[in-house]
$ cat input_12.csv   # CSV, C-alpha atoms
chain,number,residue,atom,x,y,z
A,1,MET,CA,0.0,0.0,0.0
A,2,ASP,CA,1.3,3.5,-0.8
A,3,GLY,CA,-0.7,5.3,1.8
A,4,THR,CA,-3.0,7.2,-0.5
A,5,PHE,CA,-6.0,5.2,0.5
A,6,ARG,CA,-6.6,3.1,3.6
A,7,THR,CA,-8.4,-0.1,2.9
A,8,THR,CA,-10.5,-1.2,5.9
A,9,TRP,CA,-12.2,-4.5,6.5
A,10,GLU,CA,-15.3,-5.5,8.3
A,11,SER,CA,-14.2,-8.1,10.9
A,12,SER,CA,-17.5,-9.9,10.6
A,13,ASP,CA,-17.5,-10.8,6.9
A,14,MET,CA,-14.2,-9.4,5.6
A,15,HIS,CA,-15.9,-7.4,2.8
A,16,GLU,CA,-13.7,-4.6,1.5
A,17,ILE,CA,-15.1,-1.1,2.2
A,18,HIS,CA,-14.3,1.1,-0.8
A,19,GLU,CA,-13.4,4.8,-0.6
A,20,THR,CA,-15.4,5.8,-3.7
A,21,ASP,CA,-18.0,4.4,-6.1
A,22,VAL,CA,-16.0,4.6,-9.3
A,23,SER,CA,-12.4,5.3,-10.3
A,24,ILE,CA,-11.6,6.9,-13.7
A,25,LEU,CA,-8.1,6.4,-15.1
A,26,GLY,CA,-7.2,8.8,-17.8
A,27,LEU,CA,-8.1,12.5,-17.8
A,28,GLY,CA,-7.8,13.6,-21.4
A,29,ALA,CA,-10.6,15.6,-22.8
A,30,MET,CA,-13.0,12.6,-22.8
A,31,GLY,CA,-11.9,11.1,-19.5
A,32,SER,CA,-12.3,14.5,-17.8
A,33,ALA,CA,-15.8,14.9,-19.3
A,34,LEU,CA,-16.8,11.5,-18.0
A,35,ALA,CA,-15.5,12.2,-14.5
A,36,GLU,CA,-17.0,15.7,-14.4
A,37,VAL,CA,-20.5,14.4,-15.1
A,38,LEU,CA,-20.3,11.9,-12.3
A,39,VAL,CA,-18.8,14.3,-9.8
A,40,LYS,CA,-21.5,16.9,-10.5
A,41,ALA,CA,-24.1,14.2,-10.0
A,42,GLY,CA,-22.7,13.4,-6.5
A,43,VAL,CA,-21.1,10.1,-7.5
A,44,ARG,CA,-18.1,9.5,-5.3
A,45,THR,CA,-15.3,9.5,-7.9
A,46,THR,CA,-11.6,8.8,-7.8
A,47,VAL,CA,-9.5,10.1,-10.7
A,48,TRP,CA,-6.0,9.4,-11.8
A,49,ASN,CA,-3.9,10.6,-14.8
A,50,ARG,CA,-0.4,9.6,-15.8
A,51,SER,CA,0.8,13.3,-16.1
A,52,THR,CA,0.1,15.6,-13.2
A,53,GLY,CA,-2.1,18.7,-13.2
A,54,ARG,CA,-5.1,17.3,-15.0
A,55,ALA,CA,-7.2,16.6,-11.9
A,56,GLU,CA,-7.2,20.0,-10.2
A,57,ALA,CA,-10.6,21.2,-11.6
A,58,LEU,CA,-12.2,17.9,-10.8
A,59,VAL,CA,-10.8,17.9,-7.2
A,60,ALA,CA,-12.2,21.4,-6.7
A,61,GLN,CA,-15.6,20.0,-7.7
A,62,GLY,CA,-15.3,17.1,-5.2
A,63,ALA,CA,-13.4,14.3,-6.9
A,64,THR,CA,-10.6,12.4,-5.0
A,65,GLU,CA,-7.3,12.3,-6.8
A,66,ALA,CA,-5.2,9.1,-6.5
A,67,ALA,CA,-1.4,9.4,-6.3
A,68,SER,CA,-1.0,6.2,-8.5
A,69,ALA,CA,-3.0,4.0,-10.8
A,70,ALA,CA,-2.8,1.2,-8.2
A,71,ALA,CA,-4.3,3.5,-5.5
A,72,ALA,CA,-7.1,4.5,-7.9
A,73,VAL,CA,-7.9,0.8,-8.7
A,74,ARG,CA,-8.0,-0.1,-5.0
A,75,ALA,CA,-10.3,2.9,-4.2
A,76,SER,CA,-13.5,1.6,-6.0
A,77,PRO,CA,-15.3,-1.6,-7.0
A,78,LEU,CA,-15.8,-0.1,-10.5
A,79,VAL,CA,-12.8,1.0,-12.6
A,80,VAL,CA,-13.2,3.0,-15.9
A,81,VAL,CA,-10.3,3.4,-18.2
A,82,CYS,CA,-10.3,6.1,-21.0
A,83,LEU,CA,-6.7,6.2,-22.2
A,84,PHE,CA,-4.9,6.8,-25.5
A,85,ASP,CA,-5.0,3.4,-27.0
A,86,HIS,CA,-5.0,-0.4,-26.3
A,87,ASP,CA,-1.3,-0.5,-25.5
A,88,SER,CA,-1.5,2.3,-23.0
A,89,VAL,CA,-4.4,0.5,-21.3
A,90,HIS,CA,-2.3,-2.6,-20.7
A,91,GLU,CA,0.8,-0.6,-19.8
A,92,VAL,CA,-1.2,0.8,-16.9
A,93,LEU,CA,-3.3,-2.2,-16.0
A,94,ASP,CA,-1.1,-5.3,-16.5
A,95,PRO,CA,1.0,-4.6,-13.4
A,96,LEU,CA,-2.3,-4.2,-11.4
A,97,VAL,CA,-3.9,-7.5,-12.2
A,98,GLY,CA,-3.9,-8.5,-8.5
A,99,ASP,CA,-5.6,-5.3,-7.5
A,100,LEU,CA,-8.2,-5.6,-10.3
A,101,ALA,CA,-9.2,-9.2,-9.4
A,102,GLY,CA,-12.8,-9.3,-8.3
A,103,ARG,CA,-13.5,-5.8,-9.6
A,104,LYS,CA,-15.5,-4.5,-12.6
A,105,LEU,CA,-13.5,-2.9,-15.4
A,106,VAL,CA,-15.1,-0.7,-18.1
A,107,ASN,CA,-12.8,0.1,-21.0
A,108,LEU,CA,-13.9,3.2,-22.9
A,109,THR,CA,-10.6,3.6,-24.8
A,110,THR,CA,-11.0,3.4,-28.6
A,111,THR,CA,-9.7,0.0,-29.5
A,112,LYS,CA,-10.1,-2.4,-32.4
A,113,PRO,CA,-12.6,-5.3,-32.0
A,114,GLU,CA,-9.9,-7.9,-31.8
A,115,GLN,CA,-8.1,-5.8,-29.2
A,116,ALA,CA,-11.3,-5.6,-27.1
A,117,ARG,CA,-11.7,-9.4,-27.3
A,118,ARG,CA,-8.1,-9.9,-26.2
A,119,SER,CA,-8.6,-7.6,-23.3
A,120,ALA,CA,-11.8,-9.6,-22.3
A,121,LEU,CA,-9.8,-12.8,-22.3
A,122,TRP,CA,-7.0,-11.2,-20.3
A,123,ALA,CA,-9.6,-10.0,-17.8
A,124,ALA,CA,-11.4,-13.4,-17.6
A,125,ARG,CA,-8.1,-15.1,-16.7
A,126,ALA,CA,-7.6,-12.5,-13.9
A,127,ARG,CA,-11.1,-12.8,-12.5
A,128,ILE,CA,-12.0,-9.3,-13.7
A,129,ALA,CA,-15.5,-8.6,-15.0
A,130,TYR,CA,-14.9,-6.8,-18.3
A,131,LEU,CA,-17.2,-4.4,-20.3
A,132,ASP,CA,-16.0,-2.7,-23.4
A,133,GLY,CA,-17.5,0.5,-24.7
A,134,GLY,CA,-17.5,2.7,-27.8
A,135,ILE,CA,-18.3,6.4,-27.2
A,136,MET,CA,-20.4,8.0,-30.0
A,137,ALA,CA,-19.9,11.6,-28.9
A,138,VAL,CA,-17.3,14.3,-28.5
A,139,PRO,CA,-16.4,15.3,-25.0
A,140,SER,CA,-18.8,18.3,-24.9
A,141,MET,CA,-21.7,16.0,-25.6
A,142,ILE,CA,-21.2,13.8,-22.5
A,143,GLY,CA,-24.1,14.2,-20.2
A,144,GLN,CA,-26.2,15.9,-22.9
A,145,PRO,CA,-29.0,14.6,-25.2
A,146,GLY,CA,-27.8,13.0,-28.4
A,147,ALA,CA,-24.7,11.3,-26.9
A,148,SER,CA,-24.6,7.5,-26.9
A,149,ILE,CA,-22.2,4.8,-25.8
A,150,LEU,CA,-22.2,1.3,-27.2
A,151,TYR,CA,-21.4,-1.6,-24.8
A,152,SER,CA,-20.5,-5.2,-25.1
A,153,GLY,CA,-18.9,-7.8,-22.8
A,154,SER,CA,-20.1,-8.5,-19.3
A,155,GLN,CA,-23.9,-8.2,-19.1
A,156,GLU,CA,-23.7,-8.2,-15.3
A,157,VAL,CA,-21.6,-5.1,-15.3
A,158,PHE,CA,-23.8,-3.3,-17.8
A,159,ARG,CA,-27.0,-4.1,-15.8
A,160,GLU,CA,-25.5,-3.3,-12.4
A,161,HIS,CA,-24.2,0.1,-13.5
A,162,THR,CA,-26.8,1.2,-16.1
A,163,GLU,CA,-27.9,4.1,-14.0
A,164,LEU,CA,-24.4,5.4,-13.7
A,165,PHE,CA,-23.7,4.9,-17.4
A,166,ASP,CA,-26.9,6.7,-18.4
A,167,ARG,CA,-25.5,9.8,-16.7
A,168,TRP,CA,-22.9,10.0,-19.5
A,169,ALA,CA,-25.1,9.0,-22.5
A,170,ALA,CA,-27.8,6.7,-23.7
A,171,GLY,CA,-26.3,3.3,-23.4
A,172,THR,CA,-27.0,0.2,-25.6
A,173,TYR,CA,-25.8,-3.3,-24.8
A,174,TYR,CA,-24.8,-5.5,-27.8
A,175,GLY,CA,-24.0,-8.8,-26.2
A,176,GLU,CA,-21.3,-10.9,-24.5
A,177,ASP,CA,-18.8,-10.6,-27.4
A,178,ALA,CA,-16.6,-7.8,-26.1
A,179,GLY,CA,-15.6,-6.8,-29.6
A,180,LEU,CA,-19.1,-5.9,-30.9
A,181,ALA,CA,-19.3,-2.4,-29.4
A,182,SER,CA,-16.0,-1.5,-31.1
A,183,LEU,CA,-17.2,-3.1,-34.3
A,184,TYR,CA,-20.3,-0.9,-34.4
A,185,ASP,CA,-18.3,2.1,-33.3
A,186,PHE,CA,-15.8,1.8,-36.2
A,187,ALA,CA,-18.7,1.0,-38.7
A,188,LEU,CA,-20.6,4.1,-37.7
A,189,LEU,CA,-17.5,6.3,-37.8
A,190,SER,CA,-16.5,4.9,-41.2
A,191,ALA,CA,-19.8,6.1,-42.6
A,192,MET,CA,-19.4,9.5,-41.0
A,193,TYR,CA,-15.9,10.1,-42.3
A,194,VAL,CA,-16.7,9.1,-45.8
A,195,MET,CA,-19.7,11.5,-45.7
A,196,PHE,CA,-17.5,14.3,-44.3
A,197,ALA,CA,-14.9,13.6,-47.1
A,198,GLY,CA,-17.7,14.0,-49.7
A,199,PHE,CA,-18.8,17.3,-48.2
A,200,MET,CA,-15.2,18.6,-48.2
A,201,GLN,CA,-14.9,17.6,-51.9
A,202,GLY,CA,-18.0,19.6,-52.7
A,203,ALA,CA,-16.7,22.6,-50.7
A,204,ALA,CA,-13.4,22.3,-52.6
A,205,MET,CA,-15.2,22.3,-56.0
A,206,LEU,CA,-17.2,25.4,-55.1
A,207,ALA,CA,-14.4,27.4,-53.5
A,208,PRO,CA,-12.8,28.6,-56.8
A,209,ALA,CA,-16.3,30.0,-57.8
A,210,GLY,CA,-16.2,32.1,-54.6
A,211,VAL,CA,-18.8,30.0,-52.7
A,212,PRO,CA,-17.9,29.8,-49.0
A,213,ALA,CA,-18.0,26.5,-47.3
A,214,SER,CA,-20.6,27.8,-44.9
A,215,ARG,CA,-23.0,28.5,-47.7
A,216,PHE,CA,-22.5,25.0,-49.1
A,217,ALA,CA,-23.0,23.5,-45.6
A,218,ALA,CA,-26.4,25.2,-45.4
A,219,MET,CA,-27.3,23.5,-48.6
A,220,ALA,CA,-25.7,20.1,-48.0
A,221,ALA,CA,-27.1,19.5,-44.5
A,222,PRO,CA,-30.8,19.2,-45.5
A,223,TRP,CA,-29.9,17.3,-48.7
A,224,LEU,CA,-27.8,14.7,-46.9
A,225,THR,CA,-30.4,14.4,-44.1
A,226,ALA,CA,-33.0,13.7,-46.8
A,227,MET,CA,-30.8,11.1,-48.4
A,228,THR,CA,-30.4,9.1,-45.2
A,229,GLY,CA,-34.0,8.0,-45.8
A,230,GLU,CA,-32.6,5.8,-48.6
A,231,LEU,CA,-30.5,3.7,-46.2
A,232,ALA,CA,-33.3,1.4,-45.1
A,233,GLY,CA,-34.0,0.5,-48.7
A,234,TYR,CA,-30.4,-0.2,-49.4
A,235,ALA,CA,-30.3,-2.3,-46.3
A,236,GLU,CA,-33.3,-4.4,-47.3
A,237,VAL,CA,-31.7,-5.1,-50.7
A,238,ILE,CA,-28.3,-6.1,-49.0
A,239,ASP,CA,-30.0,-8.3,-46.5
A,240,GLY,CA,-32.0,-10.0,-49.2
A,241,GLY,CA,-28.9,-10.5,-51.3
A,242,ASP,CA,-30.8,-9.8,-54.5
A,243,TYR,CA,-29.5,-6.8,-56.4
A,244,THR,CA,-31.9,-7.3,-59.3
A,245,VAL,CA,-35.1,-6.4,-57.5
A,246,PRO,CA,-37.1,-3.7,-59.3
A,247,GLY,CA,-36.7,0.0,-58.4
A,248,GLN,CA,-32.9,0.1,-58.1
A,249,GLN,CA,-30.6,2.5,-59.9
A,250,SER,CA,-28.3,0.3,-62.0
A,251,LEU,CA,-24.6,0.3,-61.7
A,252,THR,CA,-24.2,1.3,-65.3
A,253,PHE,CA,-26.5,4.3,-64.8
A,254,SER,CA,-24.5,5.1,-61.6
A,255,ASN,CA,-21.3,5.6,-63.5
A,256,LEU,CA,-19.5,8.6,-62.0
A,257,GLY,CA,-17.0,9.3,-64.8
A,258,LEU,CA,-18.7,12.6,-65.7
A,259,PHE,CA,-18.5,13.7,-62.1
A,260,ILE,CA,-14.8,13.0,-62.0
A,261,GLU,CA,-14.2,14.9,-65.2
A,262,ALA,CA,-16.1,17.9,-63.9
A,263,ILE,CA,-14.2,17.9,-60.6
A,264,THR,CA,-10.8,17.5,-62.2
A,265,ASP,CA,-11.7,20.3,-64.8
A,266,GLU,CA,-11.9,22.6,-61.8
A,267,GLY,CA,-8.4,21.5,-60.7
A,268,VAL,CA,-9.8,19.7,-57.6
A,269,SER,CA,-8.8,16.2,-56.5
A,270,ALA,CA,-11.6,13.7,-57.2
A,271,GLU,CA,-10.3,11.1,-54.8
A,272,PRO,CA,-13.4,10.7,-52.6
A,273,ILE,CA,-15.8,10.1,-55.4
A,274,ALA,CA,-13.2,8.2,-57.5
A,275,MET,CA,-13.1,5.7,-54.7
A,276,VAL,CA,-16.9,5.1,-55.2
A,277,GLN,CA,-16.4,4.9,-59.0
A,278,ARG,CA,-13.7,2.2,-58.5
A,279,LEU,CA,-16.2,0.1,-56.5
A,280,ILE,CA,-18.9,0.6,-59.2
A,281,GLN,CA,-16.5,-0.3,-62.0
A,282,GLN,CA,-15.3,-3.5,-60.3
A,283,GLN,CA,-18.9,-4.8,-60.3
A,284,VAL,CA,-19.6,-3.6,-63.8
A,285,ASP,CA,-16.4,-5.4,-65.0
A,286,ALA,CA,-17.6,-8.5,-63.3
A,287,GLY,CA,-20.7,-8.5,-65.4
A,288,HIS,CA,-23.2,-6.9,-63.0
A,289,GLY,CA,-23.8,-3.6,-64.6
A,290,THR,CA,-27.6,-4.0,-64.8
A,291,GLU,CA,-27.8,-4.7,-61.1
A,292,GLY,CA,-28.5,-2.1,-58.4
A,293,PHE,CA,-26.0,0.3,-56.8
A,294,ALA,CA,-26.1,-1.6,-53.5
A,295,ARG,CA,-24.1,-4.3,-55.1
A,296,ILE,CA,-20.9,-2.3,-54.5
A,297,ILE,CA,-20.9,-3.9,-51.0
A,298,GLU,CA,-19.7,-7.1,-52.7
A,299,SER,CA,-16.4,-5.3,-53.5
A,300,LEU,CA,-16.1,-4.5,-49.8
A,301,LYS,CA,-16.9,-7.8,-48.2
A,302,PRO,CA,-14.2,-10.2,-47.0
A,303,SER,CA,-13.1,-12.7,-49.7
A,304,GLY,CA,-15.4,-15.6,-49.7
A,305,ALA,CA,-18.1,-14.0,-47.6
$ encode --input "input_12.csv" --output "structure tokens"
Amino acid sequence: MDGTFRTTWESSDMHEIHETDVSILGLGAMGSALAEVLVKAGVRTTVWNRSTGRAEALVAQGATEAASAAAAVRASPLVVVCLFDHDSVHEVLDPLVGDLAGRKLVNLTTTKPEQARRSALWAARARIAYLDGGIMAVPSMIGQPGASILYSGSQEVFREHTELFDRWAAGTYYGEDAGLASLYDFALLSAMYVMFAGFMQGAAMLAPAGVPASRFAAMAAPWLTAMTGELAGYAEVIDGGDYTVPGQQSLTFSNLGLFIEAITDEGVSAEPIAMVQRLIQQQVDAGHGTEGFARIIESLKPSGA
């Protein structure tokens, strides 16, 4: 023990009495936001960060700062980590396996699905109840409507602490496979980044004509919102596996060559839309030109799927 916390024991049943309800390891922008919401809600919260100085504002609001990661882990039955990456999580936690045994661990660090699954196996071997999470929000959204967090792993941990999790964001549980939250997280973010890249391509096209990006954004937002109504139809076709059902725009008709010419005529890179054209052309070259646009997913699936 380093003296930061005193662990006491009830002589009758030897149950550990914890100093706080939850410990949060990692006080970057997101970790600080998670901790602040809990502290303001009156949840007894211990915080720790590898570099000093990050906890001052939280301590002023009522948080307890731990002098070490080990002390933070020992302080609470629920430990939440929100660090830089998978490697940093294990650099901090691997030496603390003994202290974590019997506790509940929630990993809100952005990690790949296979990394989340490896962490779950590591936790199971050490008798740690493990829940992985994908945060669908920026730090300023934590505790506000519109934020969501995706969870997978230990259902027991999710159920027991749902009330606490809901203080951060709307939480959804996706099952015992610890990698599923991360898988959904990356899938949603992939869709978002491709959309943003398309917007930026449009803004780059209009800039030489003196059109500011803000004006284009005002036009693009309602247009893209309206287009999201098409997603359910595409999903139905994909799930059905039949790209010949009536009502679809064919791949041949979807050819984006003219778009690419128009963009490059303006001296603008056509890379975002050229990526889509490559997917279309792959399927046309394979003899599927009369089938629907949704068929480009076949160029994205794993080989043999």
$ residues_around --input "input_12.csv" --residues "His86 (chain A)" --least-positions-apart "5" --cutoff "9 Å" --atoms "all atoms listed in the file" --output "MDAnalysis selection string"
chainID A and resid 91 109:112 115:116 119
$ atom_distance --input "input_12.csv" --atom1 "CA of Asn107 (chain A)" --atom2 "CA of Ala191 (chain A)"
23.5 Å
$ closest_residue --input "input_12.csv" --among "A:Phe216, A:Phe196, A:Tyr173, A:Trp48" --to "Val73 (chain A)" --atoms "all atoms listed in the file"
A:Trp48
$ residues_around --input "input_12.csv" --residues "Ile149 (chain A)" --least-positions-apart "6" --cutoff "9 Å" --atoms "only C-alpha atoms" --output "VMD selection string"
chain A and resid 108 133 to 137 165 to 166 168 to 173 181 185
$ write_last_selection --input "input_12.csv" --atoms "C-alpha atoms" --output "CSV table (one decimal), in the coordinates of the input"
chain,number,residue,atom,x,y,z
A,108,LEU,CA,-13.9,3.2,-22.9
A,133,GLY,CA,-17.5,0.5,-24.7
A,134,GLY,CA,-17.5,2.7,-27.8
A,135,ILE,CA,-18.3,6.4,-27.2
A,136,MET,CA,-20.4,8.0,-30.0
A,137,ALA,CA,-19.9,11.6,-28.9
A,165,PHE,CA,-23.7,4.9,-17.4
A,166,ASP,CA,-26.9,6.7,-18.4
A,168,TRP,CA,-22.9,10.0,-19.5
A,169,ALA,CA,-25.1,9.0,-22.5
A,170,ALA,CA,-27.8,6.7,-23.7
A,171,GLY,CA,-26.3,3.3,-23.4
A,172,THR,CA,-27.0,0.2,-25.6
A,173,TYR,CA,-25.8,-3.3,-24.8
A,181,ALA,CA,-19.3,-2.4,-29.4
A,185,ASP,CA,-18.3,2.1,-33.3
$ closest_residue --input "input_12.csv" --among "A:Ala220, A:Pro95, A:Tyr130, A:Leu183" --to "Met200 (chain A)" --atoms "only C-alpha atoms"
A:Ala220
$ closest_residue --input "input_12.csv" --among "A:Gly304, A:Pro139, A:Pro77, A:Gly198" --to "Ala274 (chain A)" --atoms "all atoms listed in the file"
A:Gly198
$ residues_around --input "input_12.csv" --residues "Thr20 (chain A)" --least-positions-apart "5" --cutoff "6 Å" --atoms "all atoms listed in the file" --output "VMD selection string"
chain A and resid 44 to 45 75 to 76
$ closest_residue --input "input_12.csv" --among "A:Met227, A:Ala286, A:Val47, A:Leu27" --to "Ala67 (chain A)" --atoms "all atoms listed in the file"
A:Val47
$ atom_distance --input "input_12.csv" --atom1 "CA of Arg117 (chain A)" --atom2 "CA of Ser140 (chain A)"
28.7 Å
$ atom_distance --input "input_12.csv" --atom1 "CA of Gly240 (chain A)" --atom2 "CA of Thr290 (chain A)"
17.3 Å
$ residues_near_point --input "input_12.csv" --point "(-25.5, -8.5, -51.4)" --cutoff "7 Å" --atoms "only C-alpha atoms" --output "list in words"
Ile238, Asp239, Gly241, Asp242, Tyr243, Arg295, Ile297 and Glu298 of chain A
$ residues_around --input "input_12.csv" --residues "Ala72 (chain A)" --least-positions-apart "6" --cutoff "8 Å" --atoms "all atoms listed in the file" --output "compact mmCIF listing (two decimals) with C-alpha atoms, keeping the file's coordinate frame"
# COMPACT_ATOMS: atom_id res chain seq x y z
CA SER A 23 -12.40 5.30 -10.30
CA ILE A 24 -11.60 6.90 -13.70
CA LEU A 25 -8.10 6.40 -15.10
CA THR A 46 -11.60 8.80 -7.80
CA VAL A 47 -9.50 10.10 -10.70
CA TRP A 48 -6.00 9.40 -11.80
CA GLU A 65 -7.30 12.30 -6.80
CA ALA A 66 -5.20 9.10 -6.50
$ closest_residue --input "input_12.csv" --among "A:Ala232, A:Ala262, A:Ala187, A:Ile273" --to "Gln201 (chain A)" --atoms "all atoms listed in the file"
A:Ile273
$ residues_around --input "input_12.csv" --residues "Leu206 (chain A)" --least-positions-apart "4" --cutoff "10 Å" --atoms "only C-alpha atoms" --output "ChimeraX atom specification"
/A:200-202,210-213,215-216,263,266,268
$ closest_residue --input "input_12.csv" --among "A:Glu271, A:Glu36, A:Leu78, A:Ala55" --to "Glu19 (chain A)" --atoms "only C-alpha atoms"
A:Leu78
